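J.: Let me give you the structure first, and then I'll get to my questions.
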Amino acid sequence: MRIKIKIPKTNSRTTFRMSEVAQLKETIKHQQIRIQELERMLRMEIAYEHAAIKAAHLAIRSAYADYLPTHISHSTRKREILEPRQIFMWLIRNKTAISLSNIGKICGGRDHSTIIHACRLVDDYAATDRRYAARLETIKNNFELFVNECN
């Protein structure tokens, strides 16, 4: 008695490649949307005159997809809003000559001690978490690029 074995038309290797192609297409689509959003924000006038503040918003937006410039002045403590706000404070403090009280005013009327605390937290997180440090490095590099573009 002979058993007939059906041979599949595609093997597991080609199936993997097809799913990989679909994944790459999705990634490219996401990147195109992010690029379009950044271009729109570059054309948009942000309420602050200082080019470094505009560049900081753009740099953070490049790493946090759901970030909006209005999140800086929110009083919520949700992680998805708090983390970019702390990075914004850290970036403005370390990369510009804006005073702590002015940074606090930009960030919704916060006290200078809040800015100091946020900067310490960002430094601590970067020292202990490699992914956070890599994201912070990306934001820092994007900030420098955007500052040069905005000027």
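Identifiers in the structure tokens: chain A, B, ... in order shown; residue index from 1 per chain; ligand index from 1 in order shown.
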Applying 8 Å and only C-alpha atoms, which residues near stretch 109-122 of chain A remain after dropping the ones on its own chain fewer than 6 positions away? List them as a list in words.
T.: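 The neighbour list is Ser73, Gln86, Ile87, Met89, Trp90, Arg93, Leu100, Ser101 and Ile103 of chain A.
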J.: Could the residues in this selection be saved with C-alpha atoms as a PDB file, in the first residue's frame?
T.:
ATOM      1  CA  SER A  73       1.684  72.016  29.869  1.00  0.00           C
ATOM      2  CA  GLN A  86      10.626  65.335  31.396  1.00  0.00           C
ATOM      3  CA  ILE A  87      12.835  64.790  28.363  1.00  0.00           C
ATOM      4  CA  MET A  89      12.722  69.858  30.254  1.00  0.00           C
ATOM      5  CA  TRP A  90      16.055  68.004  30.267  1.00  0.00           C
ATOM      6  CA  ARG A  93      17.994  72.820  30.241  1.00  0.00           C
ATOM      7  CA  LEU A 100      14.913  77.222  34.954  1.00  0.00           C
ATOM      8  CA  SER A 101      12.064  79.606  35.754  1.00  0.00           C
ATOM      9  CA  ILE A 103      11.501  76.578  31.287  1.00  0.00           C
TER      10      ILE A 103
END
J.: For A:Thr76, please output as a PyMOL selection string all residues within 12 Å (counting only C-alpha atoms; exclusion window: fewer than 6 positions along the same chain).
T.: chain A and resi 70+82-83+85+108
J.: What's around A:Val147 at 7 Å? Count only C-alpha atoms, leave out sequence neighbours fewer than 6 positions away in its own chain, and write the answer as a JSON list (two decimals) with C-alpha atoms, in the first residue's frame.
T.:
[["chain", "number", "residue", "atom", "x", "y", "z"],
["A", 51, "ALA", "CA", 13.97, 78.01, 17.66],
["A", 52, "ALA", "CA", 15.40, 75.59, 20.23],
["A", 55, "ALA", "CA", 13.41, 71.91, 17.64]]
J.: Rounded to one decimal in Å, what is the spacing between atom CA of A:Phe88 and atom CA of A:Asp123?
T.: 12.7 Å
J.: Write down as a list of chain:residue names the residues belonging to stretch 50-91 of chain A that are assigned alpha helix (DSSP H) by DSSP computed on the backbone.
T.: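 Alpha helix (DSSP H) members of stretch 50-91 of chain A, listed: A:Ala51, A:Ala52, A:Ile53, A:Lys54, A:Ala55, A:Ala56, A:His57, A:Leu58, A:Ala59, A:Ile60, A:Arg61, A:Ser62, A:Ala63, A:Arg79, A:Glu80, A:Ile81, A:Leu82, A:Glu83, A:Pro84, A:Arg85, A:Gln86, A:Ile87, A:Phe88, A:Met89, A:Trp90, A:Leu91.
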J.: For A:Cys107, which of A:Ala134, A:Ala56, A:Ile72, A:Ala22 is the closest residue, counting only C-alpha atoms?
T.: A:Ile72
J.: I'd like the interatomic distance between atom CA of A:Arg131 and atom CA of A:Ile106, to a tenth of an Å.
T.: 27.7 Å
